[in-house]
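Here is the structure we will look at, set down as structure tokens.
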There are 2 protein chains.
Amino acid sequence: MTRHDSKDLRANEVVIDPPKARDAGLMFVGLVRTPFTTRDLCPRQGRLDGPDCRLELEPDWESALEGIERFDHLDVLYWLHESRRDLVAQSPRNDGTTTGTFALRSPVRPNPIGLSRVRLIRREGPVLIVKGLDCLDKTPLLDIKPERCAYTPPAPDKAADTA
Amino acid sequence: MTRHDSKDLRANEVVIDPPKARDAGLMFVGLVRTPFTTRDLCPRQGRLDGPDCRLELEPDWESALEGIERFDHLDVLYWLHESRRDLVAQSPRNDGTTTGTFALRSPVRPNPIGLSRVRLIRREGPVLIVKGLDCLDKTPLLDIKPERCAYTPPAPDKAADTA
């Protein structure tokens, strides 16, 4: 993780000394490839009519894509590997006013997991071509899920679903 | 993590020996409290008119909730701590047909991060009362984000947003 100094802070931003990570390790299942090779080139929010991006799965996980073509929209989770993790209150406008981290979609958060809803354009083997991302090129990929609105669980209902 | 035997597998489900987790440790920022104290009691999908659930933040992170009351809907990320992580193809109906893990919203995935869109009912200090969760009681909480549809970044646009 990139190291950060207190000089990175804006007025009134609040830092804590966060507890050490506990027993939940992630594995990277691939890489996100975008045209955004520097932070300045990243938009604040991805657009579903934006440039094509690529979700490149590692070979082990290619067959986990089976059946994904029938979904138009996906939730993509990725690891914002350059983000600091200790800000509780942030000042996005750098004007002295702050907002709590959980009321922002800033990449700076205790667990810097990015979440984008993307449009699936096509699959090419272990690669999905999608639109709607805003993250840096080469961001580690964590997970892909069908977007919930279009998703019906293939397993039968449980008692708890019909109660 | 719970240990799993090959006898947990259904017909045609595929297991790999996944790579070890790499350099991305998570920290739990609180606990999710639901009425679902066993897996059988968990619905397959949460309902926005379901029972009240609680997101209980650890004291360090309470002030990261500042400003969250203005959002009706939140994305909640949590750690499905009882899930196995090595299934590439799954058979939700247990009928011999399989679907790739990334084309399912099953809790069984390489990084068992649950994602629910919830309705915020109210805040009580370090606790958010929400509806729409389907996870086990005492699931570790990873992150809370305002739902994207209602969210406008408070920071000014960057060149990449208006290009």
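Residues are referred to by chain and number: the chain letter is A, B, ... according to the order shown in the structure tokens, the number counts from 1 in that chain, and ligands are numbered separately from 1 in the order shown.
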I'd like the superposed copy of chain B - fitted to chain A by least squares over all paired Cα atoms - as a CSV table (one decimal) with N, CA and C atoms, in the first residue's frame.
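Contents of superposed20.csv, freshly written:
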chain,number,residue,atom,x,y,z
B,1,MET,N,0.6,-1.2,0.0
B,1,MET,CA,-0.2,0.0,0.0
B,1,MET,C,0.8,1.2,0.0
B,2,THR,N,0.3,2.2,-0.7
B,2,THR,CA,1.1,3.5,-0.8
B,2,THR,C,1.2,4.1,0.6
B,3,ARG,N,2.3,4.7,0.9
B,3,ARG,CA,2.4,5.4,2.2
B,3,ARG,C,1.9,6.8,2.1
B,4,HIS,N,1.3,7.3,3.2
B,4,HIS,CA,0.7,8.6,3.1
B,4,HIS,C,1.2,9.4,4.3
B,5,ASP,N,1.4,10.7,4.1
B,5,ASP,CA,1.8,11.6,5.2
B,5,ASP,C,0.7,12.5,5.6
B,6,SER,N,0.8,13.1,6.8
B,6,SER,CA,-0.2,14.0,7.2
B,6,SER,C,-0.4,15.2,6.3
B,7,LYS,N,0.6,15.5,5.5
B,7,LYS,CA,0.4,16.6,4.6
B,7,LYS,C,-0.5,16.3,3.4
B,8,ASP,N,-0.9,15.0,3.3
B,8,ASP,CA,-2.0,14.7,2.3
B,8,ASP,C,-3.4,15.1,2.8
B,9,LEU,N,-3.5,15.5,4.0
B,9,LEU,CA,-4.8,15.8,4.6
B,9,LEU,C,-5.3,17.2,4.2
B,10,ARG,N,-6.6,17.3,4.1
B,10,ARG,CA,-7.2,18.6,3.9
B,10,ARG,C,-7.7,19.1,5.2
B,11,ALA,N,-8.1,20.4,5.3
B,11,ALA,CA,-8.6,20.9,6.5
B,11,ALA,C,-9.7,20.1,7.1
B,12,ASN,N,-9.6,19.8,8.4
B,12,ASN,CA,-10.7,19.2,9.1
B,12,ASN,C,-10.9,17.7,8.8
B,13,GLU,N,-10.1,17.2,8.0
B,13,GLU,CA,-10.2,15.7,7.7
B,13,GLU,C,-9.6,15.0,9.0
B,14,VAL,N,-10.2,13.9,9.3
B,14,VAL,CA,-9.9,13.2,10.5
B,14,VAL,C,-9.3,11.8,10.2
B,15,VAL,N,-8.2,11.5,10.9
B,15,VAL,CA,-7.5,10.2,10.7
B,15,VAL,C,-7.6,9.4,12.0
B,16,ILE,N,-7.8,8.2,11.9
B,16,ILE,CA,-7.6,7.3,13.1
B,16,ILE,C,-6.4,6.4,12.8
B,17,ASP,N,-6.0,5.7,13.8
B,17,ASP,CA,-5.0,4.6,13.6
B,17,ASP,C,-5.9,3.3,13.6
B,18,PRO,N,-6.2,2.9,12.3
B,18,PRO,CA,-7.2,1.8,12.2
B,18,PRO,C,-6.7,0.5,12.8
B,19,PRO,N,-7.6,-0.4,13.3
B,19,PRO,CA,-7.2,-1.7,13.8
B,19,PRO,C,-6.5,-2.5,12.6
B,20,LYS,N,-5.7,-3.4,13.0
B,20,LYS,CA,-5.0,-4.2,12.0
B,20,LYS,C,-6.1,-5.1,11.3
B,21,ALA,N,-5.8,-5.4,10.0
B,21,ALA,CA,-6.8,-6.2,9.3
B,21,ALA,C,-6.9,-7.6,10.0
B,22,ARG,N,-8.1,-8.1,10.0
B,22,ARG,CA,-8.3,-9.4,10.7
B,22,ARG,C,-8.7,-10.5,9.7
B,23,ASP,N,-8.2,-11.5,9.8
B,23,ASP,CA,-8.5,-12.8,9.2
B,23,ASP,C,-9.4,-12.9,7.9
B,24,ALA,N,-9.4,-11.8,7.1
B,24,ALA,CA,-10.2,-11.9,5.9
B,24,ALA,C,-9.3,-11.5,4.8
B,25,GLY,N,-8.6,-12.4,4.2
B,25,GLY,CA,-7.7,-12.1,3.1
B,25,GLY,C,-8.4,-12.2,1.8
B,26,LEU,N,-8.1,-11.3,0.8
B,26,LEU,CA,-8.7,-11.4,-0.5
B,26,LEU,C,-7.7,-12.0,-1.5
B,27,MET,N,-8.3,-12.6,-2.5
B,27,MET,CA,-7.5,-13.0,-3.6
B,27,MET,C,-7.9,-12.3,-4.9
B,28,PHE,N,-6.9,-11.9,-5.6
B,28,PHE,CA,-7.2,-11.2,-6.9
B,28,PHE,C,-7.5,-12.2,-7.9
B,29,VAL,N,-8.7,-12.0,-8.6
B,29,VAL,CA,-9.1,-13.0,-9.6
B,29,VAL,C,-8.8,-12.5,-11.0
B,30,GLY,N,-8.2,-11.4,-11.1
B,30,GLY,CA,-7.9,-10.8,-12.5
B,30,GLY,C,-7.5,-9.4,-12.4
B,31,LEU,N,-7.5,-8.7,-13.5
B,31,LEU,CA,-7.1,-7.3,-13.6
B,31,LEU,C,-8.2,-6.6,-14.3
B,32,VAL,N,-8.4,-5.3,-13.9
B,32,VAL,CA,-9.3,-4.4,-14.6
B,32,VAL,C,-8.4,-3.6,-15.5
B,33,ARG,N,-8.7,-3.5,-16.8
B,33,ARG,CA,-8.0,-2.7,-17.8
B,33,ARG,C,-8.9,-1.6,-18.2
B,34,THR,N,-8.4,-0.4,-18.0
B,34,THR,CA,-9.2,0.8,-18.5
B,34,THR,C,-8.2,1.7,-19.2
B,35,PRO,N,-8.8,2.7,-19.9
B,35,PRO,CA,-7.9,3.7,-20.6
B,35,PRO,C,-7.3,4.7,-19.6
B,36,PHE,N,-7.7,4.6,-18.3
B,36,PHE,CA,-7.3,5.6,-17.3
B,36,PHE,C,-6.0,5.2,-16.6
B,37,THR,N,-4.9,5.7,-17.2
B,37,THR,CA,-3.6,5.3,-16.7
B,37,THR,C,-3.0,6.1,-15.6
B,38,THR,N,-3.6,7.2,-15.3
B,38,THR,CA,-3.2,8.1,-14.2
B,38,THR,C,-4.5,8.5,-13.4
B,39,ARG,N,-4.4,8.9,-12.1
B,39,ARG,CA,-5.6,9.3,-11.4
B,39,ARG,C,-6.3,10.4,-12.0
B,40,ASP,N,-5.5,11.4,-12.6
B,40,ASP,CA,-6.2,12.5,-13.3
B,40,ASP,C,-7.0,12.1,-14.4
B,41,LEU,N,-6.7,11.0,-15.1
B,41,LEU,CA,-7.5,10.6,-16.2
B,41,LEU,C,-8.8,9.8,-15.8
B,42,CYS,N,-8.8,9.5,-14.5
B,42,CYS,CA,-10.0,8.7,-14.1
B,42,CYS,C,-11.2,9.7,-13.9
B,43,PRO,N,-12.4,9.4,-14.5
B,43,PRO,CA,-13.5,10.2,-14.2
B,43,PRO,C,-14.0,10.0,-12.7
B,44,ARG,N,-14.8,10.9,-12.2
B,44,ARG,CA,-15.3,10.7,-10.8
B,44,ARG,C,-16.3,9.6,-10.8
B,45,GLN,N,-17.0,9.4,-11.9
B,45,GLN,CA,-18.0,8.3,-12.0
B,45,GLN,C,-17.9,7.8,-13.4
B,46,GLY,N,-18.0,6.4,-13.5
B,46,GLY,CA,-18.0,5.8,-14.8
B,46,GLY,C,-19.4,6.1,-15.5
B,47,ARG,N,-19.4,6.0,-16.8
B,47,ARG,CA,-20.6,6.2,-17.6
B,47,ARG,C,-20.9,5.0,-18.4
B,48,LEU,N,-22.1,4.6,-18.5
B,48,LEU,CA,-22.5,3.4,-19.2
B,48,LEU,C,-22.3,3.6,-20.7
B,49,ASP,N,-22.1,4.9,-21.1
B,49,ASP,CA,-21.8,5.1,-22.5
B,49,ASP,C,-20.3,5.5,-22.6
B,50,GLY,N,-19.5,5.2,-21.6
B,50,GLY,CA,-18.1,5.5,-21.6
B,50,GLY,C,-17.3,4.6,-22.5
B,51,PRO,N,-16.0,4.6,-22.4
B,51,PRO,CA,-15.1,3.8,-23.2
B,51,PRO,C,-15.2,2.3,-22.8
B,52,ASP,N,-14.9,1.4,-23.7
B,52,ASP,CA,-14.8,0.0,-23.4
B,52,ASP,C,-13.6,-0.2,-22.4
B,53,CYS,N,-13.9,-1.1,-21.4
B,53,CYS,CA,-12.9,-1.5,-20.5
B,53,CYS,C,-12.9,-3.0,-20.5
B,54,ARG,N,-11.9,-3.6,-19.9
B,54,ARG,CA,-11.7,-5.1,-19.9
B,54,ARG,C,-11.6,-5.6,-18.5
B,55,LEU,N,-12.3,-6.7,-18.2
B,55,LEU,CA,-12.1,-7.5,-17.0
B,55,LEU,C,-11.4,-8.7,-17.4
B,56,GLU,N,-10.1,-8.8,-17.1
B,56,GLU,CA,-9.3,-10.0,-17.6
B,56,GLU,C,-9.1,-10.9,-16.4
B,57,LEU,N,-9.8,-12.1,-16.5
B,57,LEU,CA,-9.8,-13.1,-15.5
B,57,LEU,C,-8.5,-13.9,-15.6
B,58,GLU,N,-8.0,-14.3,-14.4
B,58,GLU,CA,-6.9,-15.3,-14.4
B,58,GLU,C,-7.4,-16.6,-14.9
B,59,PRO,N,-6.5,-17.4,-15.5
B,59,PRO,CA,-6.9,-18.6,-16.2
B,59,PRO,C,-7.7,-19.5,-15.3
B,60,ASP,N,-7.4,-19.6,-14.0
B,60,ASP,CA,-8.1,-20.5,-13.0
B,60,ASP,C,-9.6,-20.2,-13.0
B,61,TRP,N,-9.9,-18.9,-13.2
B,61,TRP,CA,-11.3,-18.5,-13.0
B,61,TRP,C,-12.1,-18.3,-14.2
B,62,GLU,N,-11.5,-18.6,-15.4
B,62,GLU,CA,-12.2,-18.4,-16.7
B,62,GLU,C,-13.6,-19.1,-16.7
B,63,SER,N,-13.6,-20.3,-16.2
B,63,SER,CA,-14.9,-21.0,-16.4
B,63,SER,C,-16.0,-20.5,-15.4
B,64,ALA,N,-15.6,-19.7,-14.4
B,64,ALA,CA,-16.6,-19.1,-13.5
B,64,ALA,C,-17.4,-18.1,-14.3
B,65,LEU,N,-17.0,-17.8,-15.5
B,65,LEU,CA,-17.8,-16.8,-16.3
B,65,LEU,C,-19.0,-17.5,-17.1
B,66,GLU,N,-19.0,-18.8,-17.0
B,66,GLU,CA,-20.0,-19.5,-17.8
B,66,GLU,C,-21.4,-19.1,-17.4
B,67,GLY,N,-22.2,-18.7,-18.4
B,67,GLY,CA,-23.6,-18.3,-18.3
B,67,GLY,C,-23.7,-16.8,-18.1
B,68,ILE,N,-22.6,-16.0,-18.0
B,68,ILE,CA,-22.7,-14.6,-17.7
B,68,ILE,C,-23.2,-13.8,-18.8
B,69,GLU,N,-23.2,-14.4,-20.1
B,69,GLU,CA,-23.6,-13.6,-21.2
B,69,GLU,C,-25.1,-13.2,-21.2
B,70,ARG,N,-25.8,-13.9,-20.4
B,70,ARG,CA,-27.3,-13.6,-20.4
B,70,ARG,C,-27.6,-12.3,-19.6
B,71,PHE,N,-26.6,-11.8,-18.9
B,71,PHE,CA,-26.9,-10.5,-18.1
B,71,PHE,C,-26.4,-9.3,-18.8
B,72,ASP,N,-27.2,-8.3,-18.8
B,72,ASP,CA,-26.8,-7.0,-19.5
B,72,ASP,C,-26.0,-6.2,-18.5
B,73,HIS,N,-26.2,-6.3,-17.2
B,73,HIS,CA,-25.5,-5.4,-16.3
B,73,HIS,C,-24.9,-6.3,-15.2
B,74,LEU,N,-23.7,-5.9,-14.7
B,74,LEU,CA,-23.0,-6.6,-13.7
B,74,LEU,C,-22.6,-5.7,-12.6
B,75,ASP,N,-22.5,-6.2,-11.4
B,75,ASP,CA,-21.8,-5.5,-10.3
B,75,ASP,C,-20.3,-6.0,-10.3
B,76,VAL,N,-19.4,-5.0,-10.4
B,76,VAL,CA,-18.0,-5.4,-10.4
B,76,VAL,C,-17.3,-4.8,-9.1
B,77,LEU,N,-16.6,-5.7,-8.4
B,77,LEU,CA,-15.9,-5.3,-7.2
B,77,LEU,C,-14.4,-5.4,-7.5
B,78,TYR,N,-13.7,-4.3,-7.0
B,78,TYR,CA,-12.2,-4.3,-7.3
B,78,TYR,C,-11.5,-3.7,-6.1
B,79,TRP,N,-10.2,-3.8,-6.0
B,79,TRP,CA,-9.4,-3.4,-4.9
B,79,TRP,C,-8.7,-2.1,-5.3
B,80,LEU,N,-9.0,-1.0,-4.5
B,80,LEU,CA,-8.4,0.3,-4.9
B,80,LEU,C,-7.1,0.4,-4.2
B,81,HIS,N,-6.1,-0.3,-4.8
B,81,HIS,CA,-4.9,-0.6,-4.1
B,81,HIS,C,-4.0,0.6,-3.8
B,82,GLU,N,-4.4,1.8,-4.3
B,82,GLU,CA,-3.6,3.0,-4.0
B,82,GLU,C,-4.2,3.9,-3.0
B,83,SER,N,-5.3,3.5,-2.4
B,83,SER,CA,-6.0,4.3,-1.5
B,83,SER,C,-5.6,4.2,0.0
B,84,ARG,N,-5.5,5.3,0.7
B,84,ARG,CA,-5.3,5.3,2.1
B,84,ARG,C,-6.6,4.8,2.8
B,85,ARG,N,-6.5,4.3,4.0
B,85,ARG,CA,-7.6,3.6,4.6
B,85,ARG,C,-8.0,4.1,6.0
B,86,ASP,N,-7.5,5.2,6.4
B,86,ASP,CA,-7.6,5.7,7.7
B,86,ASP,C,-8.5,7.0,7.9
B,87,LEU,N,-9.1,7.4,6.8
B,87,LEU,CA,-9.9,8.7,6.9
B,87,LEU,C,-11.3,8.4,7.4
B,88,VAL,N,-11.7,9.0,8.4
B,88,VAL,CA,-13.1,8.9,9.0
B,88,VAL,C,-14.0,10.0,8.4
B,89,ALA,N,-13.4,11.2,8.3
B,89,ALA,CA,-14.2,12.3,7.7
B,89,ALA,C,-13.3,12.9,6.6
B,90,GLN,N,-14.0,13.2,5.5
B,90,GLN,CA,-13.2,13.7,4.3
B,90,GLN,C,-13.8,15.0,3.8
B,91,SER,N,-13.0,15.8,3.2
B,91,SER,CA,-13.4,17.1,2.6
B,91,SER,C,-13.2,17.1,1.1
B,92,PRO,N,-14.2,16.5,0.4
B,92,PRO,CA,-14.0,16.4,-1.1
B,92,PRO,C,-13.8,17.7,-1.8
B,93,ARG,N,-14.4,18.8,-1.3
B,93,ARG,CA,-14.2,20.1,-1.9
B,93,ARG,C,-13.0,20.8,-1.4
B,94,ASN,N,-12.4,20.3,-0.4
B,94,ASN,CA,-11.2,21.0,0.2
B,94,ASN,C,-11.6,22.4,0.7
B,95,ASP,N,-12.8,22.5,1.3
B,95,ASP,CA,-13.2,23.8,1.8
B,95,ASP,C,-13.5,23.8,3.3
B,96,GLY,N,-12.9,22.9,4.0
B,96,GLY,CA,-13.1,22.8,5.4
B,96,GLY,C,-14.3,22.1,5.9
B,97,THR,N,-15.3,21.9,5.0
B,97,THR,CA,-16.5,21.1,5.4
B,97,THR,C,-16.2,19.6,5.2
B,98,THR,N,-16.6,18.8,6.1
B,98,THR,CA,-16.3,17.4,5.9
B,98,THR,C,-17.6,16.5,5.9
B,99,THR,N,-17.5,15.4,5.4
B,99,THR,CA,-18.6,14.4,5.4
B,99,THR,C,-18.0,13.1,5.8
B,100,GLY,N,-18.8,12.2,6.5
B,100,GLY,CA,-18.3,10.9,6.9
B,100,GLY,C,-17.9,10.0,5.7
B,101,THR,N,-16.9,9.2,5.9
B,101,THR,CA,-16.5,8.3,4.8
B,101,THR,C,-17.6,7.5,4.3
B,102,PHE,N,-18.5,7.0,5.2
B,102,PHE,CA,-19.6,6.1,4.7
B,102,PHE,C,-20.7,6.8,4.0
B,103,ALA,N,-20.7,8.1,4.0
B,103,ALA,CA,-21.6,8.9,3.3
B,103,ALA,C,-21.0,9.4,1.9
B,104,LEU,N,-19.9,8.9,1.6
B,104,LEU,CA,-19.2,9.2,0.3
B,104,LEU,C,-18.9,8.0,-0.4
B,105,ARG,N,-18.7,8.1,-1.8
B,105,ARG,CA,-18.3,7.0,-2.5
B,105,ARG,C,-16.8,7.2,-2.9
B,106,SER,N,-16.1,8.0,-2.2
B,106,SER,CA,-14.6,8.1,-2.3
B,106,SER,C,-13.9,6.8,-2.3
B,107,PRO,N,-12.8,6.7,-3.0
B,107,PRO,CA,-12.0,5.5,-2.9
B,107,PRO,C,-11.3,5.3,-1.6
B,108,VAL,N,-11.2,6.4,-0.8
B,108,VAL,CA,-10.6,6.4,0.5
B,108,VAL,C,-11.6,5.8,1.5
B,109,ARG,N,-11.4,4.6,2.0
B,109,ARG,CA,-12.3,4.0,3.0
B,109,ARG,C,-11.6,2.9,3.7
B,110,PRO,N,-12.1,2.4,4.8
B,110,PRO,CA,-11.4,1.4,5.6
B,110,PRO,C,-11.1,0.2,4.8
B,111,ASN,N,-12.0,-0.3,4.0
B,111,ASN,CA,-11.8,-1.4,3.1
B,111,ASN,C,-12.0,-0.8,1.7
B,112,PRO,N,-10.9,-0.4,1.0
B,112,PRO,CA,-11.0,0.3,-0.3
B,112,PRO,C,-11.5,-0.7,-1.4
B,113,ILE,N,-12.7,-1.1,-1.3
B,113,ILE,CA,-13.4,-1.9,-2.3
B,113,ILE,C,-14.2,-1.1,-3.2
B,114,GLY,N,-13.9,-1.0,-4.5
B,114,GLY,CA,-14.7,-0.3,-5.4
B,114,GLY,C,-15.8,-1.1,-5.9
B,115,LEU,N,-16.9,-0.4,-6.2
B,115,LEU,CA,-18.1,-1.1,-6.7
B,115,LEU,C,-18.7,-0.3,-7.9
B,116,SER,N,-18.7,-0.9,-9.0
B,116,SER,CA,-19.3,-0.3,-10.2
B,116,SER,C,-20.4,-1.2,-10.8
B,117,ARG,N,-21.4,-0.5,-11.2
B,117,ARG,CA,-22.4,-1.3,-12.0
B,117,ARG,C,-22.1,-1.0,-13.5
B,118,VAL,N,-21.8,-2.1,-14.2
B,118,VAL,CA,-21.3,-1.9,-15.6
B,118,VAL,C,-22.3,-2.6,-16.6
B,119,ARG,N,-22.1,-2.2,-17.8
B,119,ARG,CA,-22.9,-2.8,-18.9
B,119,ARG,C,-22.0,-3.8,-19.6
B,120,LEU,N,-22.5,-5.1,-19.7
B,120,LEU,CA,-21.7,-6.1,-20.4
B,120,LEU,C,-21.8,-6.0,-21.9
B,121,ILE,N,-20.8,-5.7,-22.6
B,121,ILE,CA,-20.8,-5.6,-24.1
B,121,ILE,C,-20.6,-7.0,-24.7
B,122,ARG,N,-19.6,-7.7,-24.3
B,122,ARG,CA,-19.4,-9.1,-24.9
B,122,ARG,C,-18.3,-9.8,-24.0
B,123,ARG,N,-18.3,-11.1,-24.2
B,123,ARG,CA,-17.2,-11.9,-23.6
B,123,ARG,C,-16.3,-12.4,-24.7
B,124,GLU,N,-15.0,-12.4,-24.4
B,124,GLU,CA,-14.0,-13.0,-25.3
B,124,GLU,C,-13.2,-13.9,-24.4
B,125,GLY,N,-13.6,-15.2,-24.3
B,125,GLY,CA,-12.9,-16.2,-23.5
B,125,GLY,C,-12.8,-15.7,-22.0
B,126,PRO,N,-11.6,-15.5,-21.5
B,126,PRO,CA,-11.5,-15.1,-20.1
B,126,PRO,C,-11.6,-13.6,-19.9
B,127,VAL,N,-12.1,-12.9,-20.9
B,127,VAL,CA,-12.2,-11.4,-20.8
B,127,VAL,C,-13.6,-10.9,-21.1
B,128,LEU,N,-14.1,-10.0,-20.2
B,128,LEU,CA,-15.3,-9.4,-20.4
B,128,LEU,C,-15.1,-7.9,-20.8
B,129,ILE,N,-15.7,-7.5,-21.9
B,129,ILE,CA,-15.7,-6.1,-22.4
B,129,ILE,C,-16.9,-5.4,-21.8
B,130,VAL,N,-16.6,-4.4,-21.0
B,130,VAL,CA,-17.7,-3.7,-20.3
B,130,VAL,C,-17.6,-2.2,-20.4
B,131,LYS,N,-18.7,-1.5,-20.1
B,131,LYS,CA,-18.6,0.0,-20.0
B,131,LYS,C,-19.1,0.4,-18.7
B,132,GLY,N,-18.6,1.5,-18.1
B,132,GLY,CA,-19.1,2.1,-16.9
B,132,GLY,C,-18.1,2.2,-15.8
B,133,LEU,N,-16.9,1.8,-16.0
B,133,LEU,CA,-15.8,1.8,-15.0
B,133,LEU,C,-15.2,3.2,-14.9
B,134,ASP,N,-14.6,3.5,-13.7
B,134,ASP,CA,-13.9,4.8,-13.5
B,134,ASP,C,-12.6,4.6,-12.8
B,135,CYS,N,-12.1,3.3,-12.7
B,135,CYS,CA,-10.9,3.1,-11.9
B,135,CYS,C,-9.7,3.1,-12.8
B,136,LEU,N,-8.5,3.1,-12.1
B,136,LEU,CA,-7.2,3.1,-12.7
B,136,LEU,C,-7.0,1.8,-13.5
B,137,ASP,N,-6.3,2.0,-14.6
B,137,ASP,CA,-5.8,0.8,-15.3
B,137,ASP,C,-5.0,-0.1,-14.4
B,138,LYS,N,-5.2,-1.4,-14.5
B,138,LYS,CA,-4.5,-2.5,-13.7
B,138,LYS,C,-5.0,-2.6,-12.3
B,139,THR,N,-6.2,-2.1,-12.0
B,139,THR,CA,-6.7,-2.3,-10.7
B,139,THR,C,-7.0,-3.8,-10.5
B,140,PRO,N,-6.7,-4.4,-9.3
B,140,PRO,CA,-7.0,-5.8,-9.1
B,140,PRO,C,-8.5,-6.1,-9.0
B,141,LEU,N,-8.9,-7.1,-9.6
B,141,LEU,CA,-10.3,-7.5,-9.7
B,141,LEU,C,-10.6,-8.5,-8.6
B,142,LEU,N,-11.8,-8.2,-7.9
B,142,LEU,CA,-12.1,-9.1,-6.7
B,142,LEU,C,-13.3,-10.0,-7.0
B,143,ASP,N,-14.3,-9.4,-7.7
B,143,ASP,CA,-15.6,-10.2,-7.9
B,143,ASP,C,-16.4,-9.6,-9.0
B,144,ILE,N,-17.3,-10.5,-9.6
B,144,ILE,CA,-18.2,-10.1,-10.6
B,144,ILE,C,-19.5,-10.7,-10.2
B,145,LYS,N,-20.6,-10.0,-10.2
B,145,LYS,CA,-21.9,-10.6,-9.8
B,145,LYS,C,-23.0,-10.0,-10.8
B,146,PRO,N,-23.9,-10.9,-11.2
B,146,PRO,CA,-25.0,-10.3,-12.0
B,146,PRO,C,-25.7,-9.2,-11.2
B,147,GLU,N,-26.1,-8.2,-11.8
B,147,GLU,CA,-26.8,-7.1,-11.1
B,147,GLU,C,-28.1,-7.6,-10.6
B,148,ARG,N,-28.5,-7.2,-9.4
B,148,ARG,CA,-29.6,-7.8,-8.7
B,148,ARG,C,-30.9,-7.7,-9.3
B,149,CYS,N,-31.2,-6.5,-9.9
B,149,CYS,CA,-32.5,-6.3,-10.5
B,149,CYS,C,-32.9,-7.3,-11.5
B,150,ALA,N,-31.9,-7.7,-12.3
B,150,ALA,CA,-32.2,-8.7,-13.4
B,150,ALA,C,-32.0,-10.1,-12.9
B,151,TYR,N,-31.7,-10.3,-11.7
B,151,TYR,CA,-31.3,-11.6,-11.2
B,151,TYR,C,-32.4,-12.3,-10.4
B,152,THR,N,-32.6,-13.6,-10.8
B,152,THR,CA,-33.5,-14.4,-10.0
B,152,THR,C,-32.7,-15.6,-9.6
B,153,PRO,N,-32.7,-15.9,-8.3
B,153,PRO,CA,-31.9,-17.1,-7.9
B,153,PRO,C,-32.4,-18.4,-8.6
B,154,PRO,N,-31.4,-19.1,-9.2
B,154,PRO,CA,-31.9,-20.4,-9.8
B,154,PRO,C,-32.3,-21.4,-8.8
B,155,ALA,N,-31.9,-21.3,-7.6
B,155,ALA,CA,-32.3,-22.3,-6.6
B,155,ALA,C,-33.7,-22.0,-6.2
B,156,PRO,N,-34.4,-23.1,-5.8
B,156,PRO,CA,-35.8,-22.9,-5.3
B,156,PRO,C,-35.9,-22.0,-4.1
B,157,ASP,N,-37.1,-21.3,-3.9
B,157,ASP,CA,-37.3,-20.5,-2.7
B,157,ASP,C,-37.1,-21.4,-1.5
B,158,LYS,N,-36.6,-20.7,-0.4
B,158,LYS,CA,-36.6,-21.3,0.9
B,158,LYS,C,-37.8,-20.8,1.6
B,159,ALA,N,-38.1,-21.5,2.7
B,159,ALA,CA,-39.2,-21.1,3.6
B,159,ALA,C,-39.1,-19.6,3.9
B,160,ALA,N,-37.9,-19.1,4.2
B,160,ALA,CA,-37.7,-17.7,4.6
B,160,ALA,C,-38.1,-16.7,3.5
B,161,ASP,N,-38.1,-17.2,2.2
B,161,ASP,CA,-38.5,-16.3,1.1
B,161,ASP,C,-40.0,-16.1,1.0
B,162,THR,N,-40.7,-17.0,1.4
B,162,THR,CA,-42.2,-17.0,1.2
B,162,THR,C,-43.0,-16.7,2.5
B,163,ALA,N,-42.2,-16.5,3.5
B,163,ALA,CA,-42.9,-16.3,4.8
B,163,ALA,C,-43.7,-15.0,4.8
If DSSP is run on the backbone, what residues of chain A are strand (DSSP E or B)? A reply as a PyMOL selection string would be ideal. chain A and resi 14-15+25+30-33+53-57+73-79+87-90+99-100+113-124+127-131+139-146
